[in-house]
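J.: File work-v9.cif below, mmCIF, C-alpha atoms, pLDDT in the B column; chains and numbers go by the auth columns:
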```cif
data_upload
#
loop_
_atom_site.group_PDB
_atom_site.id
_atom_site.type_symbol
_atom_site.label_atom_id
_atom_site.label_comp_id
_atom_site.label_asym_id
_atom_site.label_seq_id
_atom_site.Cartn_x
_atom_site.Cartn_y
_atom_site.Cartn_z
_atom_site.B_iso_or_equiv
_atom_site.auth_seq_id
_atom_site.auth_asym_id
ATOM 1 C CA MET A 1 -4.970 37.219 -13.751 59.00 1 A
ATOM 2 C CA SER A 2 -4.321 36.624 -10.038 78.00 2 A
ATOM 3 C CA GLU A 3 -6.536 33.506 -10.147 79.00 3 A
ATOM 4 C CA LEU A 4 -4.266 32.061 -12.825 80.00 4 A
ATOM 5 C CA ARG A 5 -1.173 32.809 -10.736 84.00 5 A
ATOM 6 C CA ALA A 6 -2.770 31.216 -7.678 78.00 6 A
ATOM 7 C CA LYS A 7 -3.548 28.087 -9.679 78.00 7 A
ATOM 8 C CA GLU A 8 0.018 27.938 -11.002 84.00 8 A
ATOM 9 C CA ALA A 9 1.339 28.334 -7.443 83.00 9 A
ATOM 10 C CA LYS A 10 -0.879 25.434 -6.289 83.00 10 A
ATOM 11 C CA GLN A 11 0.406 23.293 -9.168 85.00 11 A
ATOM 12 C CA GLN A 12 3.980 24.123 -8.222 89.00 12 A
ATOM 13 C CA GLN A 13 3.309 23.254 -4.573 89.00 13 A
ATOM 14 C CA PHE A 14 1.764 19.941 -5.548 90.00 14 A
ATOM 15 C CA SER A 15 4.722 19.136 -7.769 91.00 15 A
ATOM 16 C CA GLU A 16 7.203 19.930 -4.994 92.00 16 A
ATOM 17 C CA HIS A 17 5.304 17.833 -2.454 92.00 17 A
ATOM 18 C CA ILE A 18 5.112 14.868 -4.843 93.00 18 A
ATOM 19 C CA GLU A 19 8.832 15.124 -5.600 93.00 19 A
ATOM 20 C CA LYS A 20 9.615 14.844 -1.876 93.00 20 A
ATOM 21 C CA CYS A 21 7.547 11.715 -1.264 93.00 21 A
ATOM 22 C CA LYS A 22 7.542 9.908 -4.628 93.00 22 A
ATOM 23 C CA ASN A 23 9.949 7.165 -3.486 93.00 23 A
ATOM 24 C CA LYS A 24 7.855 6.441 -0.407 93.00 24 A
ATOM 25 C CA LEU A 25 4.687 6.274 -2.500 94.00 25 A
ATOM 26 C CA TYR A 26 6.349 3.846 -4.896 95.00 26 A
ATOM 27 C CA ARG A 27 7.513 1.620 -2.018 93.00 27 A
ATOM 28 C CA VAL A 28 3.994 1.486 -0.602 93.00 28 A
ATOM 29 C CA ALA A 29 2.511 0.540 -3.984 93.00 29 A
ATOM 30 C CA TYR A 30 5.248 -2.021 -4.627 92.00 30 A
ATOM 31 C CA CYS A 31 4.537 -3.754 -1.305 89.00 31 A
ATOM 32 C CA TYR A 32 1.040 -4.468 -2.576 89.00 32 A
ATOM 33 C CA VAL A 33 1.760 -5.688 -6.096 90.00 33 A
ATOM 34 C CA LYS A 34 5.447 -6.730 -6.057 88.00 34 A
ATOM 35 C CA ASN A 35 5.753 -5.624 -9.665 90.00 35 A
ATOM 36 C CA GLU A 36 7.634 -2.520 -10.767 92.00 36 A
ATOM 37 C CA GLN A 37 5.360 -1.560 -13.654 93.00 37 A
ATOM 38 C CA GLU A 38 2.138 -2.099 -11.733 93.00 38 A
ATOM 39 C CA ALA A 39 3.512 -0.083 -8.790 93.00 39 A
ATOM 40 C CA LEU A 40 4.396 2.772 -11.142 94.00 40 A
ATOM 41 C CA ASP A 41 0.893 2.619 -12.639 94.00 41 A
ATOM 42 C CA ILE A 42 -0.644 2.796 -9.165 95.00 42 A
ATOM 43 C CA VAL A 43 1.500 5.783 -8.185 95.00 43 A
ATOM 44 C CA SER A 44 0.659 7.487 -11.458 94.00 44 A
ATOM 45 C CA GLU A 45 -3.072 6.958 -10.951 94.00 45 A
ATOM 46 C CA ALA A 46 -2.842 8.139 -7.327 95.00 46 A
ATOM 47 C CA THR A 47 -0.850 11.219 -8.337 94.00 47 A
ATOM 48 C CA TYR A 48 -3.510 12.132 -10.873 93.00 48 A
ATOM 49 C CA LYS A 49 -6.284 11.704 -8.290 94.00 49 A
ATOM 50 C CA GLY A 50 -4.283 13.714 -5.769 93.00 50 A
ATOM 51 C CA TYR A 51 -3.681 16.476 -8.293 92.00 51 A
ATOM 52 C CA LEU A 52 -7.397 16.745 -9.017 90.00 52 A
ATOM 53 C CA ALA A 53 -8.247 16.956 -5.316 91.00 53 A
ATOM 54 C CA TYR A 54 -5.285 19.081 -4.184 89.00 54 A
ATOM 55 C CA GLU A 55 -7.152 22.402 -4.357 84.00 55 A
ATOM 56 C CA ARG A 56 -9.620 21.110 -1.751 85.00 56 A
ATOM 57 C CA MET A 57 -6.833 20.112 0.642 83.00 57 A
ATOM 58 C CA ASN A 58 -6.882 22.419 3.655 79.00 58 A
ATOM 59 C CA GLU A 59 -3.785 21.322 5.569 82.00 59 A
ATOM 60 C CA PRO A 60 -0.706 20.914 3.366 79.00 60 A
ATOM 61 C CA GLN A 61 1.411 19.691 6.308 85.00 61 A
ATOM 62 C CA TYR A 62 -0.495 16.382 6.032 88.00 62 A
ATOM 63 C CA PHE A 63 0.235 15.994 2.310 92.00 63 A
ATOM 64 C CA ASP A 64 2.446 12.934 2.852 91.00 64 A
ATOM 65 C CA SER A 65 -0.217 11.051 4.848 90.00 65 A
ATOM 66 C CA TRP A 66 -2.934 12.177 2.453 92.00 66 A
ATOM 67 C CA MET A 67 -1.085 10.957 -0.649 94.00 67 A
ATOM 68 C CA THR A 68 -0.095 7.702 1.062 93.00 68 A
ATOM 69 C CA ARG A 69 -3.759 7.029 1.712 92.00 69 A
ATOM 70 C CA ILE A 70 -4.594 7.732 -1.930 94.00 70 A
ATOM 71 C CA VAL A 71 -1.865 5.276 -3.021 95.00 71 A
ATOM 72 C CA ILE A 72 -3.159 2.631 -0.610 93.00 72 A
ATOM 73 C CA ASN A 73 -6.683 3.005 -1.971 92.00 73 A
ATOM 74 C CA ALA A 74 -5.423 2.911 -5.563 94.00 74 A
ATOM 75 C CA ALA A 75 -3.419 -0.257 -4.805 92.00 75 A
ATOM 76 C CA ILE A 76 -6.404 -1.956 -3.180 90.00 76 A
ATOM 77 C CA ASP A 77 -8.596 -0.975 -6.153 91.00 77 A
ATOM 78 C CA HIS A 78 -5.925 -2.297 -8.526 91.00 78 A
ATOM 79 C CA LEU A 79 -5.794 -5.639 -6.714 87.00 79 A
ATOM 80 C CA GLY A 80 -9.580 -5.864 -6.830 84.00 80 A
ATOM 81 C CA ARG A 81 -9.606 -5.248 -10.575 82.00 81 A
ATOM 82 C CA LYS A 82 -6.764 -7.712 -11.102 74.00 82 A
ATOM 83 C CA LYS A 83 -8.512 -10.413 -9.066 68.00 83 A
ATOM 84 C CA ARG A 84 -11.470 -10.386 -11.466 59.00 84 A
ATOM 85 C CA PHE A 85 -9.269 -11.774 -14.231 54.00 85 A
ATOM 86 C CA THR A 86 -8.021 -15.365 -14.038 47.00 86 A
ATOM 87 C CA TYR A 87 -5.672 -16.549 -16.719 47.00 87 A
ATOM 88 C CA MET A 88 -5.265 -20.214 -17.577 41.00 88 A
ATOM 89 C CA GLU A 89 -1.488 -19.834 -17.781 42.00 89 A
ATOM 90 C CA ASP A 90 -1.381 -18.661 -14.159 43.00 90 A
ATOM 91 C CA GLN A 91 -3.445 -21.616 -13.004 41.00 91 A
ATOM 92 C CA ALA A 92 -1.225 -24.086 -14.842 38.00 92 A
ATOM 93 C CA GLN A 93 1.862 -22.619 -13.206 40.00 93 A
ATOM 94 C CA ASP A 94 0.228 -22.871 -9.778 42.00 94 A
ATOM 95 C CA TYR A 95 -0.528 -26.558 -10.295 36.00 95 A
ATOM 96 C CA ALA A 96 2.974 -27.266 -11.550 37.00 96 A
ATOM 97 C CA ALA A 97 4.519 -25.420 -8.631 40.00 97 A
ATOM 98 C CA ALA A 98 2.424 -27.397 -6.145 40.00 98 A
ATOM 99 C CA GLU A 99 3.965 -30.670 -7.355 40.00 99 A
ATOM 100 C CA HIS A 100 7.478 -29.579 -6.377 42.00 100 A
ATOM 101 C CA ALA A 101 8.152 -29.281 -2.651 44.00 101 A
ATOM 102 C CA VAL A 102 9.702 -25.923 -1.801 41.00 102 A
ATOM 103 C CA PRO A 103 12.069 -25.885 1.183 42.00 103 A
ATOM 104 C CA LEU A 104 10.680 -24.132 4.241 42.00 104 A
ATOM 105 C CA GLU A 105 13.449 -21.510 4.177 50.00 105 A
ATOM 106 C CA GLU A 106 12.331 -20.290 0.753 42.00 106 A
ATOM 107 C CA LYS A 107 8.621 -20.706 1.364 44.00 107 A
ATOM 108 C CA MET A 108 8.064 -18.981 4.708 49.00 108 A
ATOM 109 C CA ASP A 109 9.092 -15.384 4.676 59.00 109 A
ATOM 110 C CA LEU A 110 7.219 -12.218 5.434 65.00 110 A
ATOM 111 C CA TYR A 111 6.055 -11.728 1.844 72.00 111 A
ATOM 112 C CA ASP A 112 4.419 -15.139 1.693 76.00 112 A
ATOM 113 C CA ALA A 113 2.606 -14.542 4.958 78.00 113 A
ATOM 114 C CA LEU A 114 1.583 -11.054 3.817 80.00 114 A
ATOM 115 C CA ASP A 115 0.064 -12.473 0.646 82.00 115 A
ATOM 116 C CA LYS A 116 -2.440 -14.376 2.786 85.00 116 A
ATOM 117 C CA LEU A 117 -3.753 -11.152 4.308 89.00 117 A
ATOM 118 C CA PRO A 118 -6.529 -9.125 2.681 91.00 118 A
ATOM 119 C CA PRO A 119 -5.198 -5.841 1.208 88.00 119 A
ATOM 120 C CA GLU A 120 -6.863 -3.765 3.935 90.00 120 A
ATOM 121 C CA GLU A 121 -4.961 -5.683 6.635 92.00 121 A
ATOM 122 C CA LYS A 122 -1.747 -5.677 4.642 90.00 122 A
ATOM 123 C CA THR A 123 -1.861 -1.879 4.854 91.00 123 A
ATOM 124 C CA TYR A 124 -1.133 -1.933 8.582 92.00 124 A
ATOM 125 C CA ILE A 125 1.959 -4.131 8.169 89.00 125 A
ATOM 126 C CA ILE A 126 3.295 -2.094 5.249 87.00 126 A
ATOM 127 C CA LEU A 127 2.904 1.188 7.095 90.00 127 A
ATOM 128 C CA LYS A 128 4.471 -0.127 10.299 89.00 128 A
ATOM 129 C CA PHE A 129 7.359 -2.245 9.023 83.00 129 A
ATOM 130 C CA PHE A 130 8.082 -1.050 5.502 82.00 130 A
ATOM 131 C CA GLU A 131 7.392 2.650 6.011 85.00 131 A
ATOM 132 C CA ASP A 132 8.431 2.675 9.694 86.00 132 A
ATOM 133 C CA LEU A 133 5.483 4.809 10.801 89.00 133 A
ATOM 134 C CA ARG A 134 4.501 5.246 14.437 92.00 134 A
ATOM 135 C CA PHE A 135 0.956 4.354 15.459 94.00 135 A
ATOM 136 C CA ARG A 136 -0.028 8.046 15.589 93.00 136 A
ATOM 137 C CA GLU A 137 1.172 8.529 11.997 91.00 137 A
ATOM 138 C CA MET A 138 -0.607 5.356 10.901 92.00 138 A
ATOM 139 C CA ALA A 139 -3.797 6.681 12.496 93.00 139 A
ATOM 140 C CA ASP A 140 -3.448 9.895 10.472 90.00 140 A
ATOM 141 C CA VAL A 141 -2.960 7.985 7.221 90.00 141 A
ATOM 142 C CA LEU A 142 -5.850 5.610 7.887 91.00 142 A
ATOM 143 C CA SER A 143 -8.162 8.277 9.367 90.00 143 A
ATOM 144 C CA LEU A 144 -8.728 6.182 12.486 92.00 144 A
ATOM 145 C CA SER A 145 -8.074 6.607 16.186 95.00 145 A
ATOM 146 C CA GLU A 146 -4.661 5.546 17.443 94.00 146 A
ATOM 147 C CA ASN A 147 -6.196 2.898 19.722 95.00 147 A
ATOM 148 C CA THR A 148 -8.135 1.381 16.828 95.00 148 A
ATOM 149 C CA VAL A 149 -4.936 1.199 14.781 95.00 149 A
ATOM 150 C CA LYS A 150 -3.077 -0.506 17.649 95.00 150 A
ATOM 151 C CA THR A 151 -5.859 -3.019 18.229 95.00 151 A
ATOM 152 C CA ARG A 152 -6.110 -3.953 14.559 95.00 152 A
ATOM 153 C CA PHE A 153 -2.328 -4.043 14.145 95.00 153 A
ATOM 154 C CA TYR A 154 -1.825 -6.520 16.987 95.00 154 A
ATOM 155 C CA ARG A 155 -4.720 -8.678 15.770 95.00 155 A
ATOM 156 C CA ILE A 156 -3.145 -8.774 12.309 93.00 156 A
ATOM 157 C CA ILE A 157 0.263 -9.650 13.802 92.00 157 A
ATOM 158 C CA GLY A 158 -1.443 -12.575 15.534 91.00 158 A
ATOM 159 C CA LYS A 159 -2.854 -13.696 12.186 90.00 159 A
ATOM 160 C CA LEU A 160 0.585 -13.514 10.566 86.00 160 A
ATOM 161 C CA LYS A 161 2.061 -15.606 13.368 85.00 161 A
ATOM 162 C CA SER A 162 -0.633 -18.228 12.934 85.00 162 A
ATOM 163 C CA TYR A 163 0.000 -18.319 9.164 80.00 163 A
ATOM 164 C CA LEU A 164 3.693 -18.874 9.780 76.00 164 A
ATOM 165 C CA ILE A 165 3.035 -21.611 12.370 77.00 165 A
ATOM 166 C CA GLU A 166 0.542 -23.322 10.027 74.00 166 A
ATOM 167 C CA GLY A 167 3.152 -23.285 7.281 64.00 167 A
ATOM 168 C CA GLU A 168 5.745 -24.907 9.521 59.00 168 A
ATOM 169 C CA VAL A 169 3.319 -27.637 10.626 50.00 169 A
ATOM 170 C CA GLU A 170 2.127 -28.347 7.063 54.00 170 A
ATOM 171 C CA SER A 171 5.654 -28.772 5.753 49.00 171 A
ATOM 172 C CA LEU A 172 6.784 -31.258 8.450 43.00 172 A
#
```
Any chance you could give the structure as structure tokens?
T.:
Amino acid sequence: MSELRAKEAKQQQFSEHIEKCKNKLYRVAYCYVKNEQEALDIVSEATYKGYLAYERMNEPQYFDSWMTRIVINAAIDHLGRKKRFTYMEDQAQDYAAAEHAVPLEEKMDLYDALDKLPPEEKTYIILKFFEDLRFREMADVLSLSENTVKTRFYRIIGKLKSYLIEGEVESL
């Protein structure tokens, strides 16, 4: 009987932890897919995976970082699955859009530059600017050393800058 109560207590803990960070998890997922329904699907999938693995979690104080990492992985997996499918309608819209010049002000914003980054690199920008995490917290989420996170972050920032400069030159 006590095993059942312990399991129910773990379920309750998991539920309370998820309730506290669900908005953050949604924001992280949304930054990857920019679609409400897909972001909700990602969070749902990540929550399920987290629930299954929660009993093996040793340090509940890191729940937020742990779940964020699960969401990031679920979002990257989702993008990989989505990339395998190419629809003719999407291609036709891309060609039609290319014919019309878009003003630089509308074209060059952070989201456009982010879309050029691979999902793994996009993670660093999302955690730093959208989730406002410090490098130490990012290192916890990504399971890397703080110096590695800083090095990769600044390299990725350099890439973003070059994408923005390329865009300005191309549109002149």
J.: For CA of Asp77 (chain A) and CA of Ile157 (chain A), quote the distance in Å rounded to one decimal.
T.: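 Computing the Euclidean distance for CA of Asp77 (chain A) and CA of Ile157 (chain A) yields 23.5 Å.
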J.: Which residues are near Arg136 (chain A)? Cut-off 12 Å, all atoms listed in the file, ignore same chain within fewer than 3 positions. Put them as a count of residues only.
T.: 17
J.: To one decimal place, how far is CA of Ala46 (chain A) from CA of Pro118 (chain A) in Å?
T.: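 According to the coordinates, CA of Ala46 (chain A) and CA of Pro118 (chain A) are separated by 20.3 Å.
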J.: Quote the spacing between CA of Ile125 (chain A) and CA of Pro60 (chain A) in Å to one decimal place.
T.: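 Here the two named atoms are 25.6 Å from each other.
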J.: Pick the closest to Ile76 (chain A) from A:Tyr32, A:Tyr54, A:Phe135, A:Phe63: which is it, counting only C-alpha atoms?
T.: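 Nearest candidate to Ile76 (chain A) out of A:Tyr32, A:Tyr54, A:Phe135, A:Phe63: A:Tyr32.
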J.: Exactly which residues make up the result of the PyMOL selection byres ((chain A and resi 78) around 12) on this file, given as JSON, numbers by chain?
T.: {"A": [29, 30, 32, 33, 38, 39, 40, 41, 42, 43, 45, 46, 71, 72, 73, 74, 75, 76, 77, 79, 80, 81, 82, 83, 84, 85, 119]}
J.: From the options A:Val28, A:Met67, A:Met57, A:Leu4, which residue's atoms come nearest to Thr123 (chain A), counting all atoms listed in the file?
T.: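 The closest residue to Thr123 (chain A) is A:Val28.
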J.: Please determine, counting only C-alpha atoms, which residue among A:Asn35, A:Phe129, A:Arg27, A:Lys10 has the shortest atom-to-atom distance to Arg56 (chain A).
T.: A:Lys10
J.: Produce the centre coordinates and the three edge lengths, each in Å to one decimal, of the box along x, y and z that contains all listed atoms of region 42-53 of chain A with 5 Å added on each side, as lines of an AutoDock Vina configuration file.
T.:
```
center_x = -3.4
center_y = 9.9
center_z = -8.4
size_x = 19.7
size_y = 24.2
size_z = 16.1
```
J.: From the set A:Tyr111, A:Glu36, A:Gly158, A:Glu137, which residue has the shortest atom-to-atom contact distance to Arg69 (chain A), counting all atoms listed in the file?
T.: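 Counting all atoms listed in the file, the residue closest to Arg69 (chain A) is A:Glu137.
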J.: Go through A:Met138, A:Ala6, A:Ala113, A:Ile18 and flag the residue nearest Leu164 (chain A), using all atoms listed in the file for the distances.
T.: A:Ala113
